[in-house]
file data_9.txt (compact mmCIF, C-alpha atoms and all ligand atoms)
# COMPACT_ATOMS: atom_id res chain seq x y z
CA MET A 1 88.26 96.14 153.97
CA THR A 2 86.28 99.23 153.07
CA ARG A 3 83.18 98.86 151.01
CA LEU A 4 84.99 100.45 148.05
CA SER A 5 88.07 98.20 148.19
CA GLY A 6 85.72 95.20 148.46
CA TRP A 7 84.00 96.36 145.30
CA PHE A 8 87.33 96.71 143.48
CA ALA A 9 88.44 93.23 144.61
CA ALA A 10 85.20 91.74 143.30
CA ALA A 11 85.51 93.65 140.00
CA ASP A 12 89.07 92.40 139.67
CA ARG A 13 87.94 88.80 140.27
CA ILE A 14 85.19 89.07 137.66
CA ASP A 15 87.64 90.65 135.23
CA LYS A 16 90.10 87.76 135.74
CA ILE A 17 87.38 85.14 135.34
CA TYR A 18 86.16 86.81 132.15
CA TRP A 19 89.56 86.99 130.51
CA GLN A 20 90.70 83.53 131.65
CA ARG A 21 87.63 81.41 130.94
CA ASP A 22 87.49 79.23 127.87
CA PRO A 23 84.58 80.57 125.83
CA VAL A 24 81.55 78.36 125.33
CA MET A 25 80.79 78.15 121.64
CA THR A 26 77.34 79.49 121.16
CA ASN A 27 76.75 79.70 117.41
CA ASP A 28 76.73 76.31 115.69
CA ASN A 29 80.25 75.58 116.90
CA HIS A 30 81.70 78.79 115.46
CA LEU A 31 83.57 81.12 117.80
CA THR A 32 82.32 84.70 117.78
CA PHE A 33 84.91 87.36 117.01
CA ARG A 34 85.02 88.28 120.73
CA GLN A 35 85.47 84.64 121.81
CA PHE A 36 88.26 84.18 119.27
CA MET A 37 90.01 87.32 120.47
CA LEU A 38 89.74 86.15 124.10
CA ARG A 39 91.61 83.02 123.06
CA GLU A 40 94.21 85.16 121.31
CA TYR A 41 94.58 87.19 124.52
CA ARG A 42 95.26 84.06 126.55
CA ALA A 43 97.51 82.41 123.96
CA HIS A 44 99.57 85.42 122.86
CA GLY A 45 98.84 88.23 125.28
CA THR A 46 97.05 90.31 122.63
CA SER A 47 96.32 93.68 124.21
CA LYS A 48 92.81 94.22 125.55
CA ASP A 49 92.79 97.70 124.03
CA LEU A 50 93.58 96.22 120.63
CA ILE A 51 90.73 93.72 121.05
CA PHE A 52 88.28 96.52 121.87
CA LEU A 53 89.56 98.61 118.95
CA LEU A 54 89.10 95.65 116.61
CA GLU A 55 85.56 95.19 117.87
CA ASP A 56 84.88 98.85 117.12
CA ILE A 57 86.35 98.43 113.63
CA ALA A 58 84.16 95.34 113.18
CA THR A 59 81.15 97.47 114.11
CA ALA A 60 82.20 100.10 111.57
CA CYS A 61 82.46 97.36 108.92
CA ARG A 62 79.03 95.92 109.78
CA THR A 63 77.54 99.39 109.45
CA ILE A 64 79.33 100.08 106.15
CA SER A 65 78.10 96.72 104.84
CA HIS A 66 74.54 97.67 105.76
CA LYS A 67 74.89 101.13 104.16
CA ILE A 68 76.22 99.58 100.93
CA ARG A 69 73.42 97.04 100.76
CA SER A 70 70.81 99.77 101.18
CA GLY A 71 72.67 102.26 98.94
CA ALA A 72 70.35 101.84 95.95
CA PHE A 73 67.40 102.93 98.13
CA ALA A 74 69.25 105.74 99.87
CA GLY A 75 70.64 107.03 96.56
CA THR A 76 74.22 106.87 97.85
CA LEU A 77 75.87 104.64 95.23
CA GLY A 78 76.93 107.57 93.04
CA ALA A 79 79.51 110.35 93.11
CA THR A 80 79.63 113.54 95.18
CA ASP A 81 80.90 116.82 93.70
CA ASP A 82 84.14 116.44 95.66
CA THR A 83 87.49 114.87 94.91
CA ASN A 84 89.88 113.42 97.48
CA VAL A 85 93.53 114.38 97.93
CA GLN A 86 94.49 111.93 95.18
CA GLY A 87 92.22 113.72 92.70
CA GLU A 88 89.72 110.85 92.64
CA THR A 89 85.99 111.57 92.65
CA GLN A 90 84.50 110.70 96.03
CA LYS A 91 81.42 108.53 96.10
CA GLU A 92 78.80 109.26 98.74
CA LEU A 93 79.59 105.89 100.29
CA ASP A 94 83.33 106.72 100.40
CA VAL A 95 82.43 109.60 102.70
CA ILE A 96 79.93 107.54 104.74
CA ALA A 97 82.46 104.72 105.20
CA ASN A 98 85.16 107.21 106.21
CA ASP A 99 82.84 108.73 108.83
CA GLN A 100 82.11 105.27 110.25
CA PHE A 101 85.79 104.42 110.60
CA MET A 102 86.55 107.75 112.26
CA LEU A 103 83.61 107.50 114.64
CA HIS A 104 84.33 103.97 115.82
CA CYS A 105 88.13 104.21 116.02
CA ALA A 106 87.76 107.30 118.21
CA ASN A 107 86.22 105.05 120.93
CA CYS A 108 89.62 103.67 121.80
CA SER A 109 91.57 106.00 124.07
CA ARG A 110 94.88 104.59 122.81
CA VAL A 111 94.25 105.73 119.22
CA ALA A 112 96.35 108.85 118.78
CA ALA A 113 95.82 109.42 115.07
CA LEU A 114 93.87 108.40 112.00
CA VAL A 115 95.15 108.30 108.42
CA SER A 116 92.58 107.78 105.68
CA GLU A 117 92.59 107.64 101.90
CA GLU A 118 89.75 110.15 102.05
CA LEU A 119 91.50 112.73 104.27
CA ASP A 120 94.25 115.09 103.12
CA ASN A 121 96.10 115.07 106.44
CA VAL A 122 96.44 113.09 109.66
CA VAL A 123 93.58 113.53 112.13
CA TRP A 124 94.98 113.74 115.67
CA LEU A 125 92.70 112.49 118.44
CA LYS A 126 95.07 113.35 121.30
CA ASP A 127 97.21 116.32 122.31
CA LYS A 128 100.18 114.05 122.93
CA ALA A 129 101.12 110.75 121.31
CA GLU A 130 102.70 108.42 123.89
CA ALA A 131 104.61 105.16 123.50
CA GLY A 132 101.98 102.42 123.22
CA ASP A 133 99.46 104.63 121.42
CA TYR A 134 97.99 103.42 118.15
CA ILE A 135 97.96 104.97 114.69
CA VAL A 136 95.15 103.58 112.51
CA TYR A 137 95.51 103.76 108.72
CA PHE A 138 92.52 102.89 106.54
CA ASP A 139 91.03 102.84 103.09
CA PRO A 140 87.39 103.07 104.14
CA LEU A 141 85.95 101.86 100.82
CA ASP A 142 88.35 100.22 98.43
CA GLY A 143 87.20 99.54 94.86
CA SER A 144 84.33 102.02 95.16
CA SER A 145 84.16 102.44 91.35
CA ASN A 146 82.40 99.04 91.50
CA LEU A 147 79.56 100.30 93.71
CA GLU A 148 76.91 100.98 91.04
CA LEU A 149 77.75 97.61 89.45
CA ASN A 150 76.92 95.64 92.60
CA ILE A 151 80.40 94.12 92.47
CA SER A 152 82.35 93.41 95.68
CA VAL A 153 84.09 96.28 97.48
CA GLY A 154 85.88 96.35 100.83
CA SER A 155 87.48 98.27 103.70
CA ILE A 156 91.18 97.90 104.57
CA PHE A 157 92.92 98.84 107.83
CA SER A 158 96.35 98.75 109.45
CA ILE A 159 97.37 99.46 113.06
CA VAL A 160 100.81 100.56 114.26
CA GLU A 161 101.74 100.84 117.95
CA LEU A 162 104.14 103.67 118.71
CA LYS A 163 107.40 102.48 120.27
CA GLU A 164 108.27 105.98 121.44
CA PRO A 165 106.36 109.19 122.14
CA LEU A 166 106.12 111.51 119.14
CA ALA A 167 107.97 114.80 119.49
CA GLU A 168 105.60 116.59 117.09
CA LEU A 169 102.13 115.79 115.84
CA THR A 170 102.82 116.19 112.12
CA ASP A 171 101.99 114.16 109.01
CA GLU A 172 105.67 113.12 108.85
CA ALA A 173 105.45 111.59 112.34
CA VAL A 174 103.18 108.77 111.14
CA LEU A 175 105.36 107.75 108.17
CA ILE A 176 106.20 104.37 109.72
CA ALA A 177 107.31 101.24 107.83
CA GLY A 178 104.89 98.31 107.43
CA THR A 179 107.16 96.07 109.52
CA GLU A 180 105.87 98.01 112.56
CA GLN A 181 102.25 96.94 112.03
CA ILE A 182 100.76 95.03 114.96
CA CYS A 183 97.50 94.31 113.19
CA ALA A 184 95.94 94.50 109.73
CA GLY A 185 92.68 93.43 108.22
CA TYR A 186 89.96 93.95 105.71
CA SER A 187 86.24 93.53 105.40
CA LEU A 188 84.91 92.28 102.08
CA PHE A 189 81.38 93.31 101.15
CA GLY A 190 80.49 90.55 98.71
CA PRO A 191 77.66 88.01 98.62
CA SER A 192 78.45 87.77 102.34
CA THR A 193 80.42 90.17 104.52
CA SER A 194 83.79 88.83 105.66
CA LEU A 195 86.26 90.16 108.19
CA VAL A 196 89.84 88.92 107.80
CA VAL A 197 92.36 89.86 110.48
CA THR A 198 95.96 89.27 111.47
CA THR A 199 97.59 90.33 114.74
CA GLY A 200 100.85 88.70 113.68
CA GLN A 201 99.71 85.19 114.68
CA GLY A 202 98.43 83.94 111.34
CA VAL A 203 95.31 85.02 109.48
CA ASN A 204 91.74 84.27 110.46
CA GLY A 205 88.52 84.89 108.53
CA PHE A 206 85.09 85.61 109.98
CA THR A 207 81.71 85.75 108.26
CA HIS A 208 78.90 88.08 109.26
CA LEU A 209 75.85 86.07 110.28
CA ASN A 210 72.76 87.91 109.14
CA GLY A 211 70.21 87.90 111.89
CA THR A 212 72.41 87.85 114.98
CA GLY A 213 74.82 90.31 113.40
CA GLU A 214 77.86 88.46 114.79
CA PHE A 215 81.11 87.89 112.97
CA LEU A 216 81.76 84.14 113.39
CA LEU A 217 85.06 82.34 112.81
CA THR A 218 84.51 80.47 109.54
CA PHE A 219 88.01 80.39 108.00
CA PRO A 220 90.62 79.72 110.71
CA ASP A 221 94.34 79.80 109.85
CA MET A 222 94.02 80.96 106.26
CA MET A 223 97.06 80.03 104.15
CA VAL A 224 97.97 81.07 100.61
CA PRO A 225 98.74 77.94 98.56
CA ALA A 226 102.45 78.09 97.61
CA SER A 227 101.98 77.56 93.88
CA THR A 228 99.17 78.58 91.59
CA GLN A 229 97.81 78.72 88.06
CA GLU A 230 95.99 82.04 88.36
CA TYR A 231 97.09 85.66 88.06
CA ALA A 232 95.39 89.06 88.25
CA ILE A 233 96.48 92.20 86.41
CA ASN A 234 94.74 95.04 84.56
CA ALA A 235 95.71 93.81 81.07
CA SER A 236 94.63 97.07 79.43
CA ARG A 237 97.89 98.56 80.75
CA GLN A 238 100.16 96.11 78.92
CA ASN A 239 101.74 98.85 76.79
CA TYR A 240 103.11 100.43 79.97
CA TRP A 241 104.43 97.30 81.73
CA ASP A 242 108.14 96.95 82.27
CA ALA A 243 110.18 93.95 81.07
CA PRO A 244 109.79 91.64 84.13
CA VAL A 245 105.98 91.88 84.08
CA GLN A 246 105.85 91.50 80.26
CA ARG A 247 107.95 88.36 80.56
CA TYR A 248 105.95 86.87 83.43
CA VAL A 249 102.54 87.40 81.78
CA SER A 250 103.77 86.27 78.36
CA GLU A 251 105.07 83.02 79.89
CA CYS A 252 101.75 82.43 81.68
CA LEU A 253 99.88 83.01 78.42
CA GLN A 254 101.97 80.38 76.60
CA GLY A 255 100.28 77.76 78.79
CA SER A 256 101.33 74.10 78.76
CA GLU A 257 103.57 74.65 75.71
CA GLY A 258 105.48 77.54 77.30
CA PRO A 259 108.30 77.64 79.87
CA ARG A 260 105.85 77.33 82.79
CA GLY A 261 104.52 74.03 81.43
CA LYS A 262 100.99 74.68 82.69
CA LYS A 263 97.89 76.66 81.78
CA PHE A 264 97.08 79.86 83.67
CA ASN A 265 93.75 81.50 84.38
CA MET A 266 93.37 85.31 84.58
CA ARG A 267 90.97 87.29 86.82
CA TRP A 268 90.55 91.04 87.40
CA VAL A 269 87.80 92.28 89.75
CA ALA A 270 89.17 95.84 90.08
CA SER A 271 88.62 95.56 93.85
CA MET A 272 91.90 94.74 95.57
CA VAL A 273 90.09 93.36 98.62
CA ALA A 274 88.25 90.81 96.48
CA GLU A 275 91.49 89.84 94.67
CA VAL A 276 93.34 89.35 97.98
CA HIS A 277 90.46 87.32 99.38
CA ARG A 278 90.55 85.05 96.32
CA ILE A 279 94.32 84.61 96.71
CA LEU A 280 93.93 83.74 100.41
CA THR A 281 91.30 81.20 99.47
CA ARG A 282 92.69 79.45 96.38
CA GLY A 283 96.08 81.03 95.68
CA GLY A 284 97.26 83.21 92.81
CA VAL A 285 99.21 86.38 92.27
CA PHE A 286 97.94 89.98 92.14
CA MET A 287 99.92 92.62 90.28
CA TYR A 288 99.44 96.37 90.11
CA PRO A 289 103.03 97.12 89.16
CA LYS A 290 104.76 100.41 88.80
CA ASP A 291 104.71 101.00 85.01
CA SER A 292 105.78 103.69 82.56
CA ASP A 293 102.41 105.43 82.90
CA ASN A 294 102.17 105.56 86.71
CA ALA A 295 105.92 105.66 87.54
CA ALA A 296 105.87 109.39 88.21
CA MET A 297 103.40 108.75 91.05
CA GLY A 298 105.37 105.71 92.28
CA GLY A 299 102.67 103.23 91.20
CA ARG A 300 98.90 102.99 91.64
CA LEU A 301 98.11 101.62 95.10
CA ARG A 302 98.78 103.52 98.30
CA LEU A 303 101.48 102.21 100.66
CA LEU A 304 100.17 103.01 104.12
CA TYR A 305 96.55 101.87 103.91
CA GLU A 306 96.43 99.52 100.90
CA ALA A 307 99.80 97.86 100.22
CA ASN A 308 101.14 97.52 103.79
CA PRO A 309 98.07 95.92 105.39
CA MET A 310 97.59 93.51 102.48
CA ALA A 311 101.31 92.65 102.55
CA PHE A 312 101.13 91.89 106.29
CA ILE A 313 98.09 89.65 105.78
CA ILE A 314 99.59 87.83 102.79
CA GLU A 315 102.94 87.25 104.54
CA GLN A 316 101.17 86.01 107.68
CA ALA A 317 99.35 83.53 105.43
CA GLY A 318 102.63 82.21 103.99
CA GLY A 319 102.65 84.30 100.81
CA LYS A 320 104.92 87.14 99.70
CA ALA A 321 104.39 90.81 98.87
CA THR A 322 106.84 93.05 96.98
CA ILE A 323 107.02 96.32 95.10
CA GLY A 324 108.81 94.54 92.22
CA GLY A 325 112.32 94.69 93.68
CA GLY A 326 111.98 94.43 97.46
CA ARG A 327 109.52 93.69 100.23
CA ILE A 328 106.56 96.10 100.54
CA MET A 329 106.76 96.23 104.34
CA ASP A 330 110.43 97.30 104.21
CA VAL A 331 109.61 100.50 102.29
CA ASP A 332 110.44 103.59 104.33
CA PRO A 333 107.40 105.82 103.71
CA SER A 334 108.07 109.31 102.37
CA SER A 335 104.56 110.77 102.27
CA LEU A 336 101.08 110.06 103.62
CA HIS A 337 99.46 109.05 100.35
CA GLN A 338 102.58 107.56 98.76
CA ARG A 339 101.97 105.00 96.00
CA VAL A 340 103.98 101.87 95.27
CA GLY A 341 104.02 98.95 92.86
CA VAL A 342 102.28 95.91 94.34
CA ILE A 343 102.97 92.26 93.58
CA LEU A 344 101.56 89.81 96.10
CA GLY A 345 100.34 86.27 96.49
CA SER A 346 101.65 82.74 96.22
CA ALA A 347 105.30 82.60 97.26
CA GLU A 348 106.59 80.73 94.18
CA GLU A 349 105.07 83.22 91.75
CA VAL A 350 106.25 86.29 93.65
CA ASP A 351 109.75 84.77 93.90
CA LEU A 352 109.75 84.17 90.13
CA LEU A 353 108.69 87.77 89.45
CA GLU A 354 111.34 89.05 91.85
CA SER A 355 113.98 86.99 90.01
CA TYR A 356 112.87 88.63 86.72
CA TYR A 357 113.16 92.08 88.35
CA ALA A 358 116.65 91.17 89.65
CA GLU A 359 117.74 90.00 86.18
CA ALA A 360 116.43 93.22 84.61
CA GLN A 361 118.60 95.39 86.92
O1 LIG B 401 91.92 101.63 95.31
C1 LIG B 401 92.48 101.15 94.20
C2 LIG B 401 91.66 100.16 93.39
O2 LIG B 401 90.29 100.42 93.37
C3 LIG B 401 91.90 98.70 93.81
O3 LIG B 401 90.93 98.20 94.66
C4 LIG B 401 91.89 97.97 92.48
O4 LIG B 401 92.76 96.86 92.52
C5 LIG B 401 92.36 99.01 91.52
O5 LIG B 401 92.16 100.27 92.08
C6 LIG B 401 91.62 98.92 90.21
O6 LIG B 401 92.33 99.62 89.27
P1 LIG B 401 91.88 99.76 87.74
O7 LIG B 401 90.86 100.86 87.73
O8 LIG B 401 93.11 100.11 87.01
O9 LIG B 401 91.30 98.45 87.28
MN MN B 402 91.50 101.73 97.54
call {"tool": "encode", "arguments": {"input": "data_9.txt", "output": "structure tokens"}}
result
Amino acid sequence: MTRLSGWFAAADRIDKIYWQRDPVMTNDNHLTFRQFMLREYRAHGTSKDLIFLLEDIATACRTISHKIRSGAFAGTLGATDDTNVQGETQKELDVIANDQFMLHCANCSRVAALVSEELDNVVWLKDKAEAGDYIVYFDPLDGSSNLELNISVGSIFSIVELKEPLAELTDEAVLIAGTEQICAGYSLFGPSTSLVVTTGQGVNGFTHLNGTGEFLLTFPDMMVPASTQEYAINASRQNYWDAPVQRYVSECLQGSEGPRGKKFNMRWVASMVAEVHRILTRGGVFMYPKDSDNAAMGGRLRLLYEANPMAFIIEQAGGKATIGGGRIMDVDPSSLHQRVGVILGSAEEVDLLESYYAEAQ
């Protein structure tokens, strides 16, 4: 055995030991994100490249969290002079968060392209996109109108693995349905910073431990309760709602005396990440439906980096996610920043809304 082949054999042995050993819990009996992902690797064969990419995304989220928390000192909570492709004013932190995502995702040699709410077009990181390469879609700072108010905001991401090489590196080439996602997640920058991730094996929530800077597994196997007494909708748009949504909300408002026979609570944070986190924690339904005011745009929320990842997470947690007449993840995307209606949350409520949409056909 040459000295070099001996070195490779030893490296291979160490590699095997590392990936096969059951991690020792080091932080008050909470698995670190890395330890959890090692278990996922052994249990489900989760790709090592995906694990490393997720760790880079986690680093981006930790950095964004830090930048938000120091934004009042850095003077970055407010708007820039620019607008994004959707015509929305960009906040300084929108741009900072976008840079962080781009920087950290570029570490992974399997990432072929990035799609961001803040970028007009796809950013290609490779000359060729092969089968097995990843496309990462992200909304780097969702709910950023809440920044000056010190109300929760978040980052959302979705990862698709290419089944075939792409013939051309165009925007159209990354219009891939949500059913092809291999991973989705979000980070919520609230009183604490959470990271919630699915790789198609359920949903797990991690909390950032100040001090060590680790994300620790604090909410394993998150499940959306099947029924609920809470809904979320921007009620100022009621004039524009279509019949199914009018009916659903009116029945909720009638409380115990109405057809639902129970009282409902209403919440609207205006940060989708916070609404989804609440639904994952205590159930409920979130609606940003297509209405007569936003119908020309297709709805309000963007399919590829808002609706699809949240739909994947909610479905993996036992809930449902529709556009108001069909599953979100089944939508065949037609453009990069396409918008859709979004109804997601507890299965019973989404089913009821879907039955109202079916009746209204
Ligand atoms: O990115 C879209 C978003 O900020 C979501 O996070 C949130 O649910 C929604 O817009 C808030 O909309 P509105 O301004 O109508 O309350
Ligand atoms: Mn957003």
call {"tool": "atom_distance", "arguments": {"input": "data_9.txt", "atom1": "CA of Tyr288 (chain A)", "atom2": "CA of Gly71 (chain A)"}}
result
28.8 Å
call {"tool": "closest_atom_pairs", "arguments": {"input": "data_9.txt", "of": "chain A", "to": "ligand LIG 401 (chain B)", "cutoff": "6 Å", "atoms": "only C-alpha atoms and all ligand atoms", "output": "CSV"}}
result
residue,atom,partner,partner_atom,distance
A:Asp142,CA,B:LIG401,O1,4.9
A:Gly143,CA,B:LIG401,O2,3.5
A:Asn234,CA,B:LIG401,O9,5.6
A:Ala270,CA,B:LIG401,C6,3.9
A:Ser271,CA,B:LIG401,O3,3.6
A:Met272,CA,B:LIG401,O3,3.7
A:Leu301,CA,B:LIG401,C1,5.7
call {"tool": "closest_atom_pairs", "arguments": {"input": "data_9.txt", "of": "chain A", "to": "ligand MN 402 (chain B)", "cutoff": "12 Å", "atoms": "all atoms listed in the file", "output": "Markdown table"}}
result
| residue | atom | partner | partner_atom | distance |
| --- | --- | --- | --- | --- |
| A:Asn84 | CA | B:MN402 | MN | 11.8 |
| A:Gln86 | CA | B:MN402 | MN | 10.9 |
| A:Glu88 | CA | B:MN402 | MN | 10.5 |
| A:Gln90 | CA | B:MN402 | MN | 11.5 |
| A:Asp94 | CA | B:MN402 | MN | 10.0 |
| A:Ser116 | CA | B:MN402 | MN | 10.2 |
| A:Glu117 | CA | B:MN402 | MN | 7.4 |
| A:Glu118 | CA | B:MN402 | MN | 9.7 |
| A:Phe138 | CA | B:MN402 | MN | 9.1 |
| A:Asp139 | CA | B:MN402 | MN | 5.7 |
| A:Pro140 | CA | B:MN402 | MN | 7.9 |
| A:Leu141 | CA | B:MN402 | MN | 6.4 |
| A:Asp142 | CA | B:MN402 | MN | 3.6 |
| A:Gly143 | CA | B:MN402 | MN | 5.5 |
| A:Ser144 | CA | B:MN402 | MN | 7.6 |
| A:Ser145 | CA | B:MN402 | MN | 9.6 |
| A:Asn146 | CA | B:MN402 | MN | 11.2 |
| A:Val153 | CA | B:MN402 | MN | 9.2 |
| A:Gly154 | CA | B:MN402 | MN | 8.4 |
| A:Ser155 | CA | B:MN402 | MN | 8.1 |
| A:Ile156 | CA | B:MN402 | MN | 8.0 |
| A:Phe157 | CA | B:MN402 | MN | 10.8 |
| A:Tyr186 | CA | B:MN402 | MN | 11.4 |
| A:Ala270 | CA | B:MN402 | MN | 9.8 |
| A:Ser271 | CA | B:MN402 | MN | 7.7 |
| A:Met272 | CA | B:MN402 | MN | 7.3 |
| A:Val273 | CA | B:MN402 | MN | 8.6 |
| A:Ala274 | CA | B:MN402 | MN | 11.4 |
| A:Arg300 | CA | B:MN402 | MN | 9.5 |
| A:Leu301 | CA | B:MN402 | MN | 7.0 |
| A:Arg302 | CA | B:MN402 | MN | 7.5 |
| A:Leu303 | CA | B:MN402 | MN | 10.5 |
| A:Leu304 | CA | B:MN402 | MN | 11.0 |
| A:Tyr305 | CA | B:MN402 | MN | 8.1 |
| A:Glu306 | CA | B:MN402 | MN | 6.4 |
| A:Ala307 | CA | B:MN402 | MN | 9.5 |
| A:Pro309 | CA | B:MN402 | MN | 11.8 |
| A:Met310 | CA | B:MN402 | MN | 11.4 |
| A:His337 | CA | B:MN402 | MN | 11.2 |
| A:Arg339 | CA | B:MN402 | MN | 11.1 |
call {"tool": "closest_residue", "arguments": {"input": "data_9.txt", "among": "A:Asp49, A:Asp221, A:Asp242, A:Glu251", "to": "Leu352 (chain A)", "atoms": "all atoms listed in the file"}}
result
A:Glu251
call {"tool": "closest_residue", "arguments": {"input": "data_9.txt", "among": "A:Val111, A:Leu93, A:Val249, A:Val85", "to": "Leu147 (chain A)", "atoms": "all atoms listed in the file"}}
result
A:Leu93
call {"tool": "atom_distance", "arguments": {"input": "data_9.txt", "atom1": "CA of Cys252 (chain A)", "atom2": "CA of Gln229 (chain A)"}}
result
8.4 Å
call {"tool": "residues_near_point", "arguments": {"input": "data_9.txt", "point": "(99.3, 106.2, 122.8)", "cutoff": "10 Å", "atoms": "all atoms listed in the file", "output": "number ranges by chain"}}
result
A: 109-113, 126, 128-135, 161-166
call {"tool": "closest_residue", "arguments": {"input": "data_9.txt", "among": "A:Ala43, A:Leu175, A:Ile96, A:Ala232", "to": "Gln338 (chain A)", "atoms": "all atoms listed in the file"}}
result
A:Leu175
call {"tool": "residues_around", "arguments": {"input": "data_9.txt", "residues": "Asp56 (chain A)", "least_positions_apart": "4", "cutoff": "7 Å", "atoms": "all atoms listed in the file", "output": "MDAnalysis selection string"}}
result
chainID A and resid 52 60 104:105
call {"tool": "write_last_selection", "arguments": {"input": "data_9.txt", "atoms": "C-alpha atoms", "output": "CSV table (one decimal), keeping the file's coordinate frame"}}
result
chain,number,residue,atom,x,y,z
A,52,PHE,CA,88.3,96.5,121.9
A,60,ALA,CA,82.2,100.1,111.6
A,104,HIS,CA,84.3,104.0,115.8
A,105,CYS,CA,88.1,104.2,116.0
call {"tool": "atom_distance", "arguments": {"input": "data_9.txt", "atom1": "CA of Ala10 (chain A)", "atom2": "CA of Tyr41 (chain A)"}}
result
21.5 Å
call {"tool": "closest_residue", "arguments": {"input": "data_9.txt", "among": "A:Ile51, A:Ala173, A:Ala360, A:Ala296", "to": "Val197 (chain A)", "atoms": "all atoms listed in the file"}}
result
A:Ile51
call {"tool": "closest_residue", "arguments": {"input": "data_9.txt", "among": "A:Ser334, A:Thr59, A:Thr26, A:Ser236", "to": "Ala97 (chain A)", "atoms": "all atoms listed in the file"}}
result
A:Thr59
call {"tool": "closest_residue", "arguments": {"input": "data_9.txt", "among": "A:Glu148, A:Glu348, A:Asp28, A:Asp120", "to": "Asp171 (chain A)", "atoms": "only C-alpha atoms"}}
result
A:Asp120
call {"tool": "residues_around", "arguments": {"input": "data_9.txt", "residues": "Val115 (chain A)", "least_positions_apart": "6", "cutoff": "7 Å", "atoms": "only C-alpha atoms", "output": "PyMOL selection string"}}
result
chain A and resi 122-123+136-138
call {"tool": "residues_around", "arguments": {"input": "data_9.txt", "residues": "Tyr356 (chain A)", "least_positions_apart": "6", "cutoff": "10 Å", "atoms": "only C-alpha atoms", "output": "ChimeraX atom specification"}}
result
/A:243-248,324-325,350
call {"tool": "residues_around", "arguments": {"input": "data_9.txt", "residues": "Ile313 (chain A)", "least_positions_apart": "4", "cutoff": "12 Å", "atoms": "all atoms listed in the file", "output": "PyMOL selection string"}}
result
chain A and resi 156-158+178-179+181-186+196-205+221-224+273+276-277+279-280+306-309+317-321+328-329+344-345
call {"tool": "axis_aligned_box", "arguments": {"input": "data_9.txt", "around": "region 130-143 of chain A", "padding_each_side": "5 Å", "output": "JSON"}}
result
{"center_x": 95.3, "center_y": 104.0, "center_z": 109.4, "size_x": 28.7, "size_y": 18.9, "size_z": 39.0}
call {"tool": "build_atoms", "arguments": {"input": "data_9.txt", "residues": "region 112-123 of chain A", "atoms": "N, CA and C atoms", "output": "short mmCIF file (atom, residue, chain, number, x, y, z; two decimals), in the coordinates of the input"}}
result
data_model
loop_
_atom_site.label_atom_id
_atom_site.label_comp_id
_atom_site.auth_asym_id
_atom_site.auth_seq_id
_atom_site.Cartn_x
_atom_site.Cartn_y
_atom_site.Cartn_z
N ALA A 112 95.86 107.47 118.79
CA ALA A 112 96.35 108.85 118.78
C ALA A 112 96.01 109.54 117.47
N ALA A 113 95.99 108.77 116.37
CA ALA A 113 95.82 109.42 115.07
C ALA A 113 95.19 108.49 114.06
N LEU A 114 94.51 109.13 113.09
CA LEU A 114 93.87 108.40 112.00
C LEU A 114 94.42 108.90 110.68
N VAL A 115 94.70 107.96 109.77
CA VAL A 115 95.15 108.30 108.42
C VAL A 115 94.20 107.60 107.46
N SER A 116 93.57 108.37 106.59
CA SER A 116 92.58 107.78 105.68
C SER A 116 92.85 108.19 104.25
N GLU A 117 92.51 107.29 103.32
CA GLU A 117 92.59 107.64 101.90
C GLU A 117 91.74 108.88 101.59
N GLU A 118 90.68 109.07 102.35
CA GLU A 118 89.75 110.15 102.05
C GLU A 118 90.08 111.47 102.75
N LEU A 119 91.16 111.50 103.54
CA LEU A 119 91.50 112.73 104.27
C LEU A 119 92.87 113.24 103.85
N ASP A 120 92.98 114.53 103.60
CA ASP A 120 94.25 115.09 103.12
C ASP A 120 95.38 114.88 104.12
N ASN A 121 95.06 115.10 105.41
CA ASN A 121 96.10 115.07 106.44
C ASN A 121 95.73 114.11 107.57
N VAL A 122 96.69 113.90 108.47
CA VAL A 122 96.44 113.09 109.66
C VAL A 122 95.39 113.78 110.54
N VAL A 123 94.50 112.99 111.12
CA VAL A 123 93.58 113.53 112.13
C VAL A 123 94.10 113.09 113.50
#
